[in-house]
Amino acid sequence: MTPITQLNRRTKIIATVGPASDDPNVLKGMIEAGVNVIRVNASHFTNPERITETVMAIRQVVDATHAVVGIMLDLQGPKIRIGKVQDNKLNLSVGDQLYITTTPCLGTATQLSVSYPQFAKDVKPGELFYIDDGKIQMQVISTDGERVLCEVLMGGVVSNHKGVNLPNTQMSMSSLTPKDLADVKAGADAKVDYVALSFVSRPEDVFELRAELGKHMAPDIKIISKIERKIALDHISGIAMASDALMVARGDLGVEIGVQNVPQAQKLIIREANRMIKPVIVATQMLESMINGRTATRAEVSDVANAIYDQCDAVMLSAETAVGIDPVHVIQTMATICGATDLDMGTIKQSHLSNRFEFDVNSVATSICIAADQIANHNRASIILAFTSSGNTPLIASKLNPILPIIAPTDEVTVLRRMSLYRGVIPMMMPRAFKDIHRWTDMITLATHQAILNGLVKKDDTVVVTAGIPIGQSNGINSIRIVKA
C-alpha cells in the first residue's frame, strides 16, 4: 500500500475551527495531519472583533508550523427564522391554514411570524416554502403585502426560531445582512484569504460583496459562492463566472431541491466550476458520524470518494472538527480517504479511461498547461513546476487532474495562501523575489533547489517547468522547459 504523503494527496481539506479545535495544540495537530484551509464560521460570533482575534490566533499557530494554510471566513447570510410559538410546541396538520406575518407575535394555530421583513411582498401564490430543514412544507394561497395565507402540505411539530427556506422565491433583500457587513470588515482587517458568501441567488450578490471588499481595501480576498438555494442553480453559470470559487453547500440545498436531487446538483456545480477554472468545495455531513464516534461509516467514505471522483478541489468538515470528540483523528481519517482516492484517480488517468476535459475558457495559458501535462506524462517527470505571480497557472494545471504534483513557486504571500485550496497544488515560497531574479535559468535553479530542500523532489529528477516571460508578471505564461533537478 502506497503511503499517503503531501506529494500524492491532491484533494485539499478544509476544517472548521470551534470549541473542540481552538486550542493551539489541537489546531497544530490538525495542521500536521493535513489541513489546508481553516474555516471560521461567522455564525458563531456575535462580536466581529472576536473574528479578527480568532484569525490572528490561527495565523500564529500556522506560522509556528511553517505550513501553508489558508483561512476562510464563512458569512452567516440572511437566515430566515420563525418567531416564538406558544408553549414552544405547535402541531401543524395537513390542510391547516394560517397566516404568516412579519409583525412579531406569539405563534399559534392561526398565525406565525417570520424574521424576513419582505416575506409578504416577495412570495407569490402557489410558491412552496419549508420550515425546520424541510420537515414542514407549506404553500402560499394569497398575500396582501403584509400577511400571507398558507396551507400546510406536510405537517409536524414546530418549535421556536426554526429556519425557513424559500426555494422558488426571488428574494428582494441583499445576501449581505448588517451582521455580514460588519464581519466582512473584520475579515478584511485580519486579511483572510477567502470569504464564503451564503445564500447566493444570482451574480449580483457576488458583485455586491466584491464592492464591499473594495471599500475595505481588500480586493485580493477571494469570494467563494455557496450554492445552497434552488434559484442559484438556475443562475449557476453566471454565479460561477462572477465568483472566485464555488461551494456545494448540501445542507440547505437538500432542503430546497430535495435530498434525492443533491447528487446531480453536486455534479453540475463541480462541472461548471471546473469548466470555468474555479476551485470547488464539497461540504456538509462528510464524516458526520465522527462528531461522536471514532470511525467513519462506509457510506461516508464512499461519499467523500465520489466527490473526489467528480473532481472537486476540496472537501470540507464542519461540526466534525468544530465540536467533535477528536478533530485531529478526523483530519487523519479524511486525509487517508482523500489520498487513497487520489491515487486511484491517477491510475485511471494513466490507463486513459478518463474522458478528455474541455475548458470553457481557451487561452495561451490553458494551451500551455495542457501541453505541459502531456509532456510531463510522456517524459516520466516527477513534478510540474508552475511559477506564478497570481496563482492562475497552477489553478489551470490543477483542473487537468494531473498524475504529478504541481509545485507552485511564488513570491507573494497572499498568492501562496490562496493556492492552499487548489487541488494537487503544493504552494512554495521563493527564497528571493521574482523582480530580483533576472534570468529564467536562475529562477529554475533556485526553485528546484528549494523543492529539494523541502523534500518535494530528488536531485536528478525530471521536472517540467512552466513560466511566463517577463519573469514575475501576471498572465505572461508562454514557455515550457524540461530540466533535471
# chains A, B, ... in the order shown; residues from 1 in each chain; ligands from 1
call {"tool": "residues_around", "arguments": {"residues": "segment 391-405 of chain A", "least_positions_apart": "3", "cutoff": "6 Å", "atoms": "only C-alpha atoms", "output": "list in words"}}
result
Leu7, Gly346, Cys369, Ile383, Ala386, Thr388, Val415, Arg423 and Gly424 of chain A
call {"tool": "write_last_selection", "arguments": {"atoms": "N, CA and C atoms", "output": "PDB file, in the first residue's frame"}}
result
ATOM      1  N   LEU A   7       2.855  14.660  -1.414  1.00  0.00           N
ATOM      2  CA  LEU A   7       3.071  14.590  -2.857  1.00  0.00           C
ATOM      3  C   LEU A   7       2.005  13.782  -3.589  1.00  0.00           C
ATOM      4  N   GLY A 346      -5.208   8.811 -10.270  1.00  0.00           N
ATOM      5  CA  GLY A 346      -4.007   8.798 -11.102  1.00  0.00           C
ATOM      6  C   GLY A 346      -3.915   7.547 -11.953  1.00  0.00           C
ATOM      7  N   CYS A 369      -0.660  24.843 -20.333  1.00  0.00           N
ATOM      8  CA  CYS A 369      -0.838  23.888 -19.234  1.00  0.00           C
ATOM      9  C   CYS A 369      -1.207  22.500 -19.756  1.00  0.00           C
ATOM     10  N   ILE A 383       7.621  15.998 -11.217  1.00  0.00           N
ATOM     11  CA  ILE A 383       6.754  17.098 -10.816  1.00  0.00           C
ATOM     12  C   ILE A 383       6.548  18.055 -11.986  1.00  0.00           C
ATOM     13  N   ALA A 386       5.257  25.110 -11.674  1.00  0.00           N
ATOM     14  CA  ALA A 386       4.483  26.169 -12.317  1.00  0.00           C
ATOM     15  C   ALA A 386       4.688  27.485 -11.577  1.00  0.00           C
ATOM     16  N   THR A 388       4.347  31.305 -10.585  1.00  0.00           N
ATOM     17  CA  THR A 388       3.137  32.113 -10.648  1.00  0.00           C
ATOM     18  C   THR A 388       3.245  33.378  -9.807  1.00  0.00           C
ATOM     19  N   VAL A 415      -0.785  35.100  -2.481  1.00  0.00           N
ATOM     20  CA  VAL A 415      -0.960  34.078  -3.516  1.00  0.00           C
ATOM     21  C   VAL A 415      -0.615  32.702  -2.954  1.00  0.00           C
ATOM     22  N   ARG A 423      -6.605  22.040  -5.870  1.00  0.00           N
ATOM     23  CA  ARG A 423      -6.374  20.601  -5.920  1.00  0.00           C
ATOM     24  C   ARG A 423      -5.005  20.285  -6.519  1.00  0.00           C
ATOM     25  N   GLY A 424      -4.235  19.441  -5.826  1.00  0.00           N
ATOM     26  CA  GLY A 424      -2.969  18.943  -6.355  1.00  0.00           C
ATOM     27  C   GLY A 424      -1.840  19.944  -6.398  1.00  0.00           C
TER      28      GLY A 424
END
call {"tool": "select_by_dssp", "arguments": {"residues": "segment 29-170 of chain A", "states": "alpha helix (DSSP H)", "output": "list in words"}}
result
Gly29, Met30, Ile31, Glu32, Ala33, Pro48, Glu49, Arg50, Ile51, Thr52, Glu53, Thr54, Val55, Met56, Ala57, Ile58, Arg59, Gln60, Val61, Val62, Asp63, Ala64, Thr65, Phe119, Ala120, Lys121 and Asp122 of chain A
call {"tool": "closest_residue", "arguments": {"among": "A:Ile14, A:Met173, A:Val55, A:Asn478", "to": "Arg39 of chain A", "atoms": "only C-alpha atoms"}}
result
A:Ile14
call {"tool": "closest_residue", "arguments": {"among": "A:Leu213, A:Ile239, A:Leu166, A:Val94", "to": "Val200 of chain A", "atoms": "only C-alpha atoms"}}
result
A:Ile239
call {"tool": "residues_around", "arguments": {"residues": "segment 154-164 of chain A", "least_positions_apart": "4", "cutoff": "6 Å", "atoms": "only C-alpha atoms", "output": "short mmCIF file (atom, residue, chain, number, x, y, z; two decimals) with N, CA and C atoms, in the first residue's frame"}}
result
data_model
loop_
_atom_site.label_atom_id
_atom_site.label_comp_id
_atom_site.auth_asym_id
_atom_site.auth_seq_id
_atom_site.Cartn_x
_atom_site.Cartn_y
_atom_site.Cartn_z
N ILE A 80 -33.44 33.05 7.48
CA ILE A 80 -34.81 33.40 7.86
C ILE A 80 -35.31 32.40 8.91
N ARG A 81 -35.94 32.92 9.96
CA ARG A 81 -36.46 32.06 11.02
C ARG A 81 -37.88 32.49 11.41
N ILE A 82 -38.65 31.53 11.92
CA ILE A 82 -39.93 31.89 12.51
C ILE A 82 -39.68 32.44 13.90
N GLY A 83 -40.69 33.10 14.46
CA GLY A 83 -40.56 33.63 15.82
C GLY A 83 -40.87 32.57 16.87
N LYS A 84 -41.19 33.04 18.06
CA LYS A 84 -41.56 32.11 19.14
C LYS A 84 -42.97 31.58 18.90
N VAL A 85 -43.20 30.34 19.37
CA VAL A 85 -44.53 29.74 19.27
C VAL A 85 -45.04 29.41 20.66
N ASN A 88 -43.68 26.74 23.01
CA ASN A 88 -42.55 26.18 22.25
C ASN A 88 -42.91 24.88 21.54
N LYS A 89 -44.18 24.72 21.21
CA LYS A 89 -44.60 23.47 20.55
C LYS A 89 -45.92 23.71 19.85
N LEU A 90 -45.88 23.73 18.53
CA LEU A 90 -47.09 23.95 17.74
C LEU A 90 -47.24 22.81 16.75
N ASN A 91 -48.38 22.12 16.82
CA ASN A 91 -48.61 20.97 15.95
C ASN A 91 -49.41 21.43 14.73
N LEU A 92 -48.83 21.28 13.54
CA LEU A 92 -49.49 21.65 12.29
C LEU A 92 -49.87 20.38 11.53
N SER A 93 -51.10 20.34 11.09
CA SER A 93 -51.60 19.16 10.37
C SER A 93 -51.85 19.49 8.91
N VAL A 94 -51.79 18.48 8.05
CA VAL A 94 -52.05 18.66 6.61
C VAL A 94 -53.44 19.26 6.43
N TYR A 130 -40.51 25.99 3.21
CA TYR A 130 -40.28 24.93 4.18
C TYR A 130 -39.84 25.50 5.52
N ILE A 131 -40.20 24.81 6.60
CA ILE A 131 -39.80 25.17 7.95
C ILE A 131 -39.06 23.99 8.56
N ASP A 132 -38.00 24.30 9.34
CA ASP A 132 -37.25 23.28 10.11
C ASP A 132 -36.62 22.23 9.18
N ILE A 136 -41.51 20.67 7.69
CA ILE A 136 -42.84 21.23 7.46
C ILE A 136 -42.86 21.86 6.07
N GLN A 137 -43.85 21.46 5.25
CA GLN A 137 -43.97 22.02 3.90
C GLN A 137 -45.27 22.80 3.80
#
call {"tool": "closest_residue", "arguments": {"among": "A:Leu385, A:Lys124, A:Ser479, A:Ala245", "to": "Ala447 of chain A", "atoms": "only C-alpha atoms"}}
result
A:Leu385
call {"tool": "closest_residue", "arguments": {"among": "A:Asp122, A:Asp303, A:Asp442, A:Asp133", "to": "Gly145 of chain A", "atoms": "only C-alpha atoms"}}
result
A:Asp122
call {"tool": "closest_residue", "arguments": {"among": "A:Met316, A:Ile426, A:Val206, A:Ala211", "to": "Met334 of chain A", "atoms": "only C-alpha atoms"}}
result
A:Met316
